[in-house]
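Enquirer: This is the content of input.txt (compact mmCIF, C-alpha atoms):
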```txt
# COMPACT_ATOMS: atom_id res chain seq x y z
CA MET T 9 0.00 0.00 0.00
CA PRO T 10 1.55 3.39 -0.98
CA ASP T 11 2.72 5.59 1.87
CA ALA T 12 0.30 8.33 0.75
CA PHE T 13 -2.61 6.12 1.81
CA LEU T 14 -4.06 6.22 5.28
CA SER T 15 -5.89 3.11 6.46
CA THR T 16 -8.77 2.97 8.93
CA ASP T 17 -11.65 0.70 9.81
CA VAL T 18 -14.32 3.40 9.44
CA LEU T 19 -14.08 6.62 7.44
CA ILE T 20 -16.72 9.09 8.64
CA ALA T 21 -17.53 11.75 6.06
CA GLY T 22 -18.64 14.81 8.01
CA GLY T 23 -17.61 16.12 11.39
CA GLY T 24 -20.89 17.65 12.50
CA MET T 25 -22.97 16.48 15.45
CA ALA T 26 -23.77 13.06 13.98
CA GLY T 27 -20.31 12.32 12.61
CA LEU T 28 -18.55 13.32 15.82
CA THR T 29 -20.96 11.31 17.98
CA LEU T 30 -20.39 8.22 15.83
CA GLY T 31 -16.64 8.74 16.11
CA CYS T 32 -16.85 9.08 19.88
CA LEU T 33 -18.95 5.91 20.20
CA LEU T 34 -16.67 3.83 18.00
CA GLY T 35 -13.46 5.35 19.30
CA GLY T 36 -13.50 3.43 22.57
CA THR T 37 -14.30 0.03 21.09
CA GLY T 38 -11.06 -0.89 19.34
CA LEU T 39 -12.16 0.16 15.86
CA SER T 40 -10.02 2.79 14.19
CA VAL T 41 -11.90 5.83 12.94
CA LEU T 42 -11.00 8.72 10.65
CA ILE T 43 -13.35 11.73 10.48
CA ALA T 44 -13.03 13.93 7.38
CA GLU T 45 -14.67 17.33 7.84
CA PRO T 46 -14.56 19.90 4.99
CA LYS T 47 -14.72 22.92 7.32
CA THR T 48 -12.05 23.99 9.77
CA PRO T 49 -13.66 24.28 13.22
CA PRO T 50 -13.27 27.69 14.90
CA GLN T 51 -10.97 27.93 17.90
CA THR T 52 -13.91 29.04 20.03
CA VAL T 53 -17.66 28.75 19.42
CA ALA T 54 -19.58 31.89 20.28
CA PRO T 55 -23.08 31.61 21.75
CA GLY T 56 -25.70 31.37 19.02
CA THR T 57 -29.42 30.87 18.46
CA ARG T 58 -29.44 27.18 17.59
CA THR T 59 -30.33 24.64 20.27
CA VAL T 60 -31.32 20.98 20.19
CA ALA T 61 -34.12 19.44 22.25
CA LEU T 62 -33.02 15.88 23.00
CA PHE T 63 -35.23 13.19 24.53
CA GLY T 64 -34.22 10.45 26.93
CA GLY T 65 -32.77 7.97 24.44
CA SER T 66 -30.58 10.67 22.88
CA ILE T 67 -29.26 11.68 26.29
CA ASN T 68 -28.22 8.07 26.90
CA ILE T 69 -26.35 8.12 23.59
CA LEU T 70 -24.46 11.26 24.63
CA LYS T 71 -23.63 9.58 27.95
CA ALA T 72 -22.21 6.60 26.05
CA ALA T 73 -20.21 9.02 23.89
CA GLY T 74 -18.62 10.33 27.09
CA ILE T 75 -19.74 13.98 26.96
CA TRP T 76 -22.91 14.27 29.03
CA ASP T 77 -21.26 15.33 32.28
CA GLU T 78 -19.60 18.21 30.44
CA ILE T 79 -22.74 19.56 28.79
CA ALA T 80 -25.37 18.83 31.47
CA GLN T 81 -24.66 22.12 33.23
CA HIS T 82 -25.45 24.05 30.04
CA SER T 83 -28.77 22.26 29.47
CA ALA T 84 -32.34 22.87 30.63
CA ARG T 85 -34.82 20.15 31.55
CA MET T 86 -38.08 19.79 29.63
CA GLU T 87 -40.54 18.49 32.22
CA THR T 88 -43.73 19.41 30.35
CA MET T 89 -44.44 19.51 26.60
CA ARG T 90 -47.31 21.87 25.92
CA ILE T 91 -49.11 22.17 22.57
CA ILE T 92 -51.41 25.13 21.91
CA ASP T 93 -53.66 25.21 18.85
CA ASP T 94 -53.97 28.93 18.28
CA THR T 95 -56.07 28.89 15.11
CA GLY T 96 -59.60 29.28 16.52
CA SER T 97 -61.43 31.92 18.49
CA ALA T 98 -60.03 30.41 21.71
CA PRO T 99 -56.76 28.45 22.05
CA VAL T 100 -56.91 24.71 22.77
CA THR T 101 -54.12 23.48 25.02
CA LEU T 102 -52.78 19.95 25.49
CA SER T 103 -50.01 19.34 28.04
CA PHE T 104 -47.85 16.26 28.45
CA ASP T 105 -46.18 15.97 31.86
CA ALA T 106 -43.24 13.61 32.23
CA SER T 107 -44.46 12.71 35.72
CA GLU T 108 -47.52 11.05 34.13
CA ILE T 109 -45.24 8.29 32.84
CA GLY T 110 -42.99 8.19 35.88
CA GLU T 111 -40.16 10.30 34.45
CA GLU T 112 -38.47 13.38 35.85
CA CYS T 113 -38.33 14.99 32.42
CA PHE T 114 -38.69 14.18 28.72
CA GLY T 115 -35.22 15.41 27.92
CA TYR T 116 -33.05 18.52 27.76
CA ASN T 117 -32.63 21.56 25.56
CA ILE T 118 -28.95 21.99 24.74
CA PRO T 119 -27.27 24.95 23.00
CA HIS T 120 -25.24 24.06 19.89
CA HIS T 121 -22.32 26.08 21.23
CA GLY T 122 -22.16 23.73 24.23
CA LEU T 123 -22.75 20.41 22.47
CA TYR T 124 -20.46 20.75 19.45
CA PRO T 125 -17.24 21.71 21.31
CA ALA T 126 -17.78 18.87 23.78
CA LEU T 127 -18.05 16.34 20.96
CA LEU T 128 -15.06 17.82 19.16
CA SER T 129 -12.91 17.74 22.29
CA ARG T 130 -13.89 14.15 23.07
CA ALA T 131 -13.12 12.97 19.53
CA LYS T 132 -9.71 14.63 19.62
CA ALA T 133 -8.91 12.95 22.95
CA LEU T 134 -9.58 9.40 21.70
CA LYS T 135 -6.40 7.66 20.50
CA THR T 136 -8.23 5.56 17.92
CA VAL T 137 -9.90 8.60 16.30
CA THR T 138 -8.15 10.74 13.70
CA LEU T 139 -9.80 14.05 12.85
CA LEU T 140 -8.95 15.65 9.50
CA THR T 141 -10.41 19.10 9.06
CA GLY T 142 -10.46 21.34 6.01
CA SER T 143 -10.96 18.37 3.68
CA GLY T 144 -14.02 16.25 2.89
CA VAL T 145 -14.74 13.12 0.88
CA GLN T 146 -14.81 13.92 -2.84
CA ASP T 147 -15.03 10.45 -4.42
CA TYR T 148 -14.46 6.79 -3.69
CA GLN T 149 -14.19 3.42 -5.37
CA ILE T 150 -14.40 -0.18 -4.20
CA GLU T 151 -11.21 -2.19 -4.51
CA ASN T 152 -10.23 -5.57 -3.03
CA GLY T 153 -12.91 -5.61 -0.37
CA HIS T 154 -12.27 -2.04 0.80
CA SER T 155 -13.21 1.47 -0.20
CA LEU T 156 -10.58 3.87 -1.47
CA ALA T 157 -11.82 7.39 -0.80
CA THR T 158 -10.28 10.50 -2.30
CA LEU T 159 -10.47 13.62 -0.17
CA THR T 160 -10.79 17.13 -1.53
CA ASN T 161 -7.12 17.75 -0.65
CA GLY T 162 -6.09 14.78 -2.83
CA GLN T 163 -5.35 12.41 0.03
CA THR T 164 -6.51 8.79 -0.26
CA ILE T 165 -8.10 6.87 2.62
CA ARG T 166 -8.49 3.09 2.67
CA ALA T 167 -11.40 1.92 4.83
CA ALA T 168 -13.61 -1.10 5.37
CA LEU T 169 -16.63 1.22 5.51
CA ILE T 170 -17.54 4.80 4.69
CA ALA T 171 -20.18 6.34 6.96
CA GLY T 172 -21.81 9.26 5.17
CA ALA T 173 -22.70 11.91 7.75
CA ASP T 174 -21.95 14.83 5.43
CA GLY T 175 -25.32 16.56 5.53
CA ARG T 176 -28.36 17.16 3.36
CA HIS T 177 -26.21 17.77 0.26
CA SER T 178 -24.23 14.59 0.92
CA ARG T 179 -21.43 13.91 -1.53
CA VAL T 180 -21.15 10.33 -0.25
CA ARG T 181 -24.84 9.71 -1.00
CA GLU T 182 -24.39 11.18 -4.47
CA VAL T 183 -21.32 9.10 -5.33
CA ALA T 184 -22.99 5.98 -3.94
CA GLY T 185 -25.93 6.54 -6.31
CA LEU T 186 -28.50 6.45 -3.52
CA PRO T 187 -31.64 8.24 -4.77
CA CYS T 188 -33.24 10.78 -2.48
CA ARG T 189 -36.76 12.21 -2.51
CA LEU T 190 -36.76 15.97 -1.91
CA HIS T 191 -39.55 18.45 -1.31
CA ASP T 192 -39.51 22.16 -0.46
CA TYR T 193 -41.95 23.05 2.33
CA GLY T 194 -42.20 26.68 1.21
CA GLN T 195 -41.48 27.58 4.83
CA ARG T 196 -38.53 29.11 6.66
CA ALA T 197 -37.37 28.45 10.22
CA MET T 198 -36.19 31.38 12.32
CA THR T 199 -34.31 30.93 15.58
CA ALA T 200 -33.57 33.32 18.43
CA VAL T 201 -32.74 33.42 22.11
CA ILE T 202 -34.89 35.57 24.39
CA ALA T 203 -34.93 36.76 27.98
CA HIS T 204 -38.31 36.94 29.72
CA THR T 205 -39.77 38.16 32.99
CA LYS T 206 -41.71 35.01 33.92
CA PRO T 207 -39.93 31.70 34.59
CA HIS T 208 -40.43 28.97 32.00
CA ASP T 209 -40.91 26.36 34.74
CA HIS T 210 -39.25 23.79 32.47
CA ILE T 211 -42.24 23.86 30.10
CA SER T 212 -41.62 23.63 26.36
CA THR T 213 -44.49 25.25 24.47
CA GLU T 214 -45.32 24.75 20.79
CA PHE T 215 -48.00 26.94 19.22
CA HIS T 216 -49.65 25.57 16.09
CA ARG T 217 -50.60 28.26 13.59
CA PRO T 218 -51.36 28.32 9.85
CA GLY T 219 -47.89 29.55 8.89
CA GLY T 220 -46.17 26.83 10.92
CA PRO T 221 -45.22 26.00 14.51
CA PHE T 222 -43.83 28.54 16.97
CA ALA T 223 -41.89 26.96 19.85
CA LEU T 224 -40.55 28.34 23.12
CA VAL T 225 -38.05 25.92 24.65
CA PRO T 226 -36.42 26.30 28.10
CA LEU T 227 -32.79 27.34 28.44
CA PRO T 228 -30.80 27.66 31.68
CA ASP T 229 -31.31 31.01 33.34
CA ASP T 230 -28.32 33.31 33.47
CA LYS T 231 -27.56 35.49 36.48
CA ASP T 232 -29.89 38.27 35.29
CA ASN T 233 -32.54 36.61 33.10
CA HIS T 234 -34.97 33.78 32.57
CA CYS T 235 -34.07 32.47 29.11
CA SER T 236 -35.63 30.40 26.33
CA SER T 237 -34.87 29.53 22.74
CA VAL T 238 -37.33 30.29 19.95
CA VAL T 239 -37.99 28.21 16.84
CA TRP T 240 -40.44 30.08 14.61
CA VAL T 241 -41.66 28.63 11.30
CA GLU T 242 -43.51 30.77 8.76
CA ARG T 243 -44.28 30.68 5.07
CA GLU T 244 -41.26 31.87 3.12
CA ILE T 245 -42.75 35.20 2.06
CA ASP T 246 -43.91 36.03 5.59
CA ALA T 247 -40.59 34.97 7.12
CA LYS T 248 -38.61 37.21 4.77
CA SER T 249 -40.86 40.12 5.69
CA LEU T 250 -40.26 39.49 9.40
CA LEU T 251 -36.52 39.14 8.90
CA SER T 252 -36.41 42.53 7.20
CA LEU T 253 -37.65 44.24 10.39
CA ASP T 254 -35.23 46.13 12.59
CA PRO T 255 -34.40 44.36 15.89
CA LYS T 256 -36.94 46.26 18.01
CA ASP T 257 -39.79 45.61 15.56
CA PHE T 258 -38.81 41.93 15.33
CA GLU T 259 -38.80 41.79 19.13
CA ARG T 260 -42.32 43.25 19.19
CA ALA T 261 -43.45 40.64 16.65
CA LEU T 262 -41.98 37.94 18.87
CA GLN T 263 -43.73 39.34 21.90
CA GLU T 264 -47.07 39.17 20.11
CA ARG T 265 -46.52 35.54 19.06
CA THR T 266 -45.76 34.40 22.63
CA ASN T 267 -49.27 35.33 23.85
CA ASP T 268 -47.38 36.77 26.86
CA ILE T 269 -47.03 33.34 28.48
CA LEU T 270 -43.45 34.25 29.44
CA GLY T 271 -44.21 37.84 30.33
CA ALA T 272 -42.26 40.67 28.73
CA ILE T 273 -39.51 39.41 26.44
CA ARG T 274 -36.21 40.81 25.21
CA LEU T 275 -34.27 39.60 22.19
CA LEU T 276 -30.80 38.41 23.26
CA GLN T 277 -29.54 36.75 20.07
CA GLY T 278 -30.77 36.39 16.51
CA PRO T 279 -32.70 35.98 14.48
CA ASP T 280 -31.05 33.38 12.26
CA SER T 281 -32.94 31.52 9.56
CA TRP T 282 -32.86 28.77 6.93
CA PRO T 283 -35.35 27.38 4.38
CA LEU T 284 -37.10 24.12 5.23
CA GLN T 285 -37.10 21.01 3.07
CA TRP T 286 -37.85 17.40 3.68
CA SER T 287 -35.82 14.63 2.14
CA VAL T 288 -35.50 10.90 2.59
CA ALA T 289 -33.07 8.53 0.92
CA ARG T 290 -34.67 5.49 -0.70
CA LYS T 291 -31.87 3.30 0.69
CA LEU T 292 -29.48 3.79 3.57
CA THR T 293 -26.67 1.57 2.28
CA ALA T 294 -24.58 0.82 -0.80
CA PRO T 295 -21.48 -1.38 -1.17
CA ARG T 296 -19.10 -0.36 1.64
CA VAL T 297 -21.26 2.68 2.48
CA ALA T 298 -23.89 3.55 5.12
CA ILE T 299 -25.54 6.94 5.26
CA LEU T 300 -27.08 8.47 8.36
CA ALA T 301 -28.53 11.62 9.90
CA GLU T 302 -29.17 14.51 7.47
CA SER T 303 -27.48 12.59 4.66
CA ALA T 304 -30.42 10.19 4.95
CA HIS T 305 -33.32 12.41 6.05
CA THR T 306 -34.32 16.00 6.78
CA PHE T 307 -37.64 17.53 7.79
CA THR T 308 -39.34 20.36 9.67
CA PRO T 309 -38.34 21.06 13.31
CA LEU T 310 -41.94 20.35 14.36
CA GLY T 311 -41.89 18.17 17.49
CA ALA T 312 -38.08 18.41 17.84
CA GLN T 313 -37.54 15.08 16.10
CA GLY T 314 -34.55 15.89 13.84
CA LEU T 315 -31.37 15.26 15.84
CA ASN T 316 -33.14 12.63 17.96
CA LEU T 317 -33.75 10.60 14.78
CA SER T 318 -30.18 11.21 13.63
CA LEU T 319 -28.72 10.02 16.93
CA ARG T 320 -30.73 6.80 16.65
CA ASP T 321 -29.06 6.27 13.26
CA VAL T 322 -25.70 6.88 14.91
CA ALA T 323 -26.35 4.49 17.79
CA THR T 324 -27.73 1.73 15.59
CA LEU T 325 -24.80 1.92 13.16
CA ALA T 326 -22.32 1.89 16.04
CA GLU T 327 -24.00 -1.13 17.67
CA THR T 328 -24.16 -3.00 14.35
CA LEU T 329 -20.49 -2.40 13.54
CA VAL T 330 -19.23 -3.26 17.02
CA ASP T 331 -21.31 -6.44 17.18
CA ALA T 332 -19.90 -7.51 13.81
CA ALA T 333 -16.32 -6.71 14.80
CA LYS T 334 -16.65 -8.77 17.99
CA THR T 335 -17.41 -11.86 15.89
CA GLY T 336 -14.61 -11.15 13.43
CA ALA T 337 -17.03 -10.26 10.62
CA ASP T 338 -16.23 -7.81 7.86
CA ILE T 339 -17.85 -4.59 9.12
CA GLY T 340 -18.37 -3.26 5.61
CA SER T 341 -19.96 -6.40 4.19
CA ALA T 342 -23.40 -6.47 2.62
CA LEU T 343 -24.59 -8.75 5.44
CA VAL T 344 -23.60 -6.26 8.16
CA LEU T 345 -24.91 -3.23 6.28
CA GLY T 346 -28.17 -5.07 5.64
CA ARG T 347 -28.69 -5.32 9.39
CA TYR T 348 -28.28 -1.57 9.75
CA GLU T 349 -30.70 -0.92 6.87
CA ARG T 350 -33.35 -3.21 8.32
CA ARG T 351 -33.07 -1.79 11.82
CA ARG T 352 -33.34 1.84 10.76
CA ARG T 353 -35.65 1.81 7.74
CA LEU T 354 -39.01 1.63 9.53
CA ASP T 355 -38.15 4.31 12.09
CA VAL T 356 -36.87 6.71 9.42
CA LEU T 357 -39.85 6.28 7.12
CA THR T 358 -42.50 6.45 9.84
CA ARG T 359 -40.89 9.40 11.61
CA VAL T 360 -40.33 11.47 8.45
CA GLY T 361 -43.77 10.56 7.09
CA GLY T 362 -45.47 11.25 10.41
CA VAL T 363 -43.84 14.64 10.93
CA ASN T 364 -44.64 15.68 7.34
CA ALA T 365 -48.28 14.66 7.72
CA PHE T 366 -48.50 16.46 11.06
CA ASN T 367 -46.94 19.57 9.54
CA ARG T 368 -49.61 19.61 6.83
CA LEU T 369 -52.28 19.15 9.48
CA VAL T 370 -51.14 21.95 11.79
CA SER T 371 -50.24 24.36 8.96
CA ASN T 372 -53.71 24.07 7.46
CA ASP T 373 -56.40 26.60 8.33
CA MET T 374 -59.31 25.00 6.48
CA ALA T 375 -62.32 24.94 8.80
CA ALA T 376 -62.85 21.16 8.65
CA THR T 377 -59.18 20.41 9.28
CA ARG T 378 -59.00 22.92 12.12
CA LEU T 379 -62.08 21.38 13.76
CA MET T 380 -60.68 17.85 13.44
CA ARG T 381 -57.33 18.91 14.88
CA ARG T 382 -58.83 20.71 17.87
CA MET T 383 -61.27 17.88 18.61
CA GLY T 384 -58.42 15.39 18.48
CA MET T 385 -56.45 17.37 21.06
CA LYS T 386 -59.44 17.58 23.39
CA THR T 387 -60.13 13.85 23.02
CA LEU T 388 -56.52 12.91 23.78
CA ASP T 389 -56.53 15.15 26.84
CA HIS T 390 -59.56 13.31 28.23
CA LEU T 391 -58.23 9.77 27.64
CA PRO T 392 -55.28 9.30 30.01
CA PRO T 393 -54.27 5.80 28.73
CA LEU T 394 -54.13 7.06 25.15
CA LYS T 395 -52.26 10.16 26.26
CA ARG T 396 -49.65 8.06 28.10
CA PHE T 397 -49.26 5.86 25.03
CA ALA T 398 -48.64 8.97 22.92
CA MET T 399 -45.94 10.12 25.33
CA GLN T 400 -44.25 6.73 25.53
CA ARG T 401 -44.32 6.00 21.81
CA GLY T 402 -44.77 9.26 19.95
CA LEU T 403 -42.72 11.74 21.93
CA ILE T 404 -39.92 9.64 23.33
CA SER T 405 -39.26 6.23 21.89
CA ALA T 406 -38.92 4.54 18.54
CA PRO T 407 -39.73 1.05 17.23
CA ASP T 408 -36.12 -0.07 17.83
CA GLU T 409 -34.08 2.37 19.87
CA GLY T 410 -31.26 -0.08 20.44
CA ARG T 411 -29.07 -0.68 23.49
CA LEU T 412 -27.37 2.70 23.59
CA ALA T 413 -30.61 4.67 23.59
CA LYS T 414 -31.89 2.44 26.36
CA GLY T 415 -28.83 3.11 28.49
CA SER T 416 -26.81 -0.04 27.80
CA MET T 417 -23.23 0.33 26.62
CA LEU T 418 -21.71 -1.07 23.44
```
Re-express the file's structure as structure tokens.

Expert:
Amino acid sequence: MPDAFLSTDVLIAGGGMAGLTLGCLLGGTGLSVLIAEPKTPPQTVAPGTRTVALFGGSINILKAAGIWDEIAQHSARMETMRIIDDTGSAPVTLSFDASEIGEECFGYNIPHHGLYPALLSRAKALKTVTLLTGSGVQDYQIENGHSLATLTNGQTIRAALIAGADGRHSRVREVAGLPCRLHDYGQRAMTAVIAHTKPHDHISTEFHRPGGPFALVPLPDDKDNHCSSVVWVEREIDAKSLLSLDPKDFERALQERTNDILGAIRLLQGPDSWPLQWSVARKLTAPRVAILAESAHTFTPLGAQGLNLSLRDVATLAETLVDAAKTGADIGSALVLGRYERRRRLDVLTRVGGVNAFNRLVSNDMAATRLMRRMGMKTLDHLPPLKRFAMQRGLISAPDEGRLAKGSML
């Protein structure tokens, strides 16, 4: 093998949240890992508007990755998930309390600027993980039972498996020839961080309105303020109009949308924004390749399902590879990759399909649809067994969460 080649068991394309978590999980198991990230990470990550609401199984995955103790102090518990249909003459409210299913909380809201550096630091500390930044996967070919990947800097990597975690415009997915269905929602997500005069009491609130959901998610209080993150979805034309406002006018628009449930608000950071699309790959594997996270699926932030779904991909792939390695199997074989595909396919399809259908339902102001939606919320609120089932299956768990999400180690 030429000296210019680097060899590794797993080449991870993409050093974002998913790629780094996979590297951290695999790094302590004896498998060698190389993470190729096109961007060069900044020396320090400034506070921003993006946060991630992670449920119980995802928290267990971060614990297994070895970073939870570091980021717990920067996170806020979500003890109650409150949905408010704000489309009629009077709002209809449905609240899910974690205590109803014997839990302290559903999960935690975590700022990106706390989570990403912790993952990056952990990956760098693992001796079996090599992190290459400033260069991503450009192409690859299969040769003698391995993949030979060419990076954008011209370097060649020999690996038993390529894990494509390189985002919604995945180059690995493209080279692998994995078709992907794509649809533009015609909506834009806006994010911000606000201070407010009333405590959030660890309640995450999601308003459902014709333009899209508007969510207020708890953040840790600082020494002077109660704080929350905002995820605000509107039709593209309306979002652009809002984003053109000066900061004080945008703050007033935010205040109006909160229905004053948090008291007087003040804009601390933002807004930031991005257009919303949904996509789902028709297959998750190709010879010597597995794709995961946003390389495999994207959708609206409704219900905070995005990174939770991605972390289940990460955990399942890690479990599948480690189990195969323990038996001496070829971790990049069709047999091993088939296990990953089978374990993840149903969850991905049902979760993406369910969120898309729900988005159409809550972003629809037709009288019949509005009536059906509001009646459904009232019915669920008056049927405790059905409500508990919704919390246990719809909000938290998946058909096959795997050992890591359930708190068992690799």

Enquirer: Tell me which of T:Leu186, T:Phe215, T:Leu227, T:Gly142 sits closest to Val100 in chain T, counting only C-alpha atoms.

Expert: T:Phe215

Enquirer: Using Å and a single decimal, report how far CA of Pro226 in chain T sits from CA of Ile269 in chain T.

Expert: 12.7 Å

Enquirer: Can you tell me, as a PyMOL selection string, what residues are no more than 8 Å from range 168-178 of chain T when counting all atoms listed in the file, ignoring any on the same chain fewer than 6 positions away?

Expert: chain T and resi 16-24+26-27+153-155+287+296-306+338-340

Enquirer: In Å, with one decimal, what is the gap from CA of Lys231 in chain T to CA of His121 in chain T?

Expert: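 Distance reported for this atom pair: 18.7 Å.
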
Enquirer: Find the residues around range 63-71 of chain T up to 9 Å (only C-alpha atoms counted), leave out those fewer than 5 positions away in its own chain, and share them as number ranges by chain.

Expert: T: 29, 33, 76-77, 86, 113-117, 127, 312-313, 315-317, 319-320, 322-323, 403-405, 409, 412-417

Enquirer: Grab the CA of Glu214 in chain T to CA of Ile75 in chain T distance for me, in Å with one decimal place.

Expert: 28.4 Å

Enquirer: Determine, counting all atoms listed in the file, which protein, DNA and RNA residues have an atom within 8 Å of an atom of Ala126 in chain T; residues of the same chain fewer than 2 positions away are not included. Present the result as number ranges by chain.

Expert: T: 75, 78-79, 122-124, 128-130

Enquirer: Name the residues in contact with range 44-58 of chain T at a cut-off of 7 Å, using all atoms listed in the file, excluding same-chain residues fewer than 5 positions from it; report them as JSON, numbers by chain.

Expert: {"T": [20, 21, 22, 23, 119, 120, 121, 139, 140, 141, 142, 143, 144, 145, 199, 200, 201, 277, 278, 280]}

Enquirer: Report as a ChimeraX atom specification all protein, DNA and RNA residues lying within 8 Å of Phe13 in chain T, evaluated on all atoms listed in the file, omitting residues in the same chain fewer than 4 positions from it.

Expert: /T:9,163-166

Enquirer: Closest to Asp246 in chain T among T:Ala197, T:Ala272, T:Leu14, T:Leu156, using all atoms listed in the file?

Expert: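 Checking each of T:Ala197, T:Ala272, T:Leu14, T:Leu156 against Asp246 in chain T, counting all atoms listed in the file, the winner is T:Ala197.
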
Enquirer: T:Thr328, T:Asp230, T:Thr37, T:Ile118: which is nearest Leu343 in chain T, counting all atoms listed in the file?

Expert: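 Result for the nearest residue to Leu343 in chain T: T:Thr328.
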
Enquirer: Tell me which of T:Val60, T:Pro295, T:Arg90, T:Pro279 sits closest to Tyr148 in chain T, counting all atoms listed in the file.

Expert: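 Of all the options, T:Pro295 lies closest to Tyr148 in chain T.
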
Enquirer: Have a look at T:Glu87, T:Trp286, T:Ser341, T:Asn152 and name the one nearest to His210 in chain T; count all atoms listed in the file.

Expert: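 Looking at the shortest contact to His210 in chain T, the residue is T:Glu87.
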
Enquirer: With distances taken over all atoms listed in the file, which residue among T:Thr205, T:Leu62, T:Asp94, T:Arg351 lies nearest Ala80 in chain T?

Expert: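 Checking each candidate against Ala80 in chain T, we get T:Leu62 as the closest.
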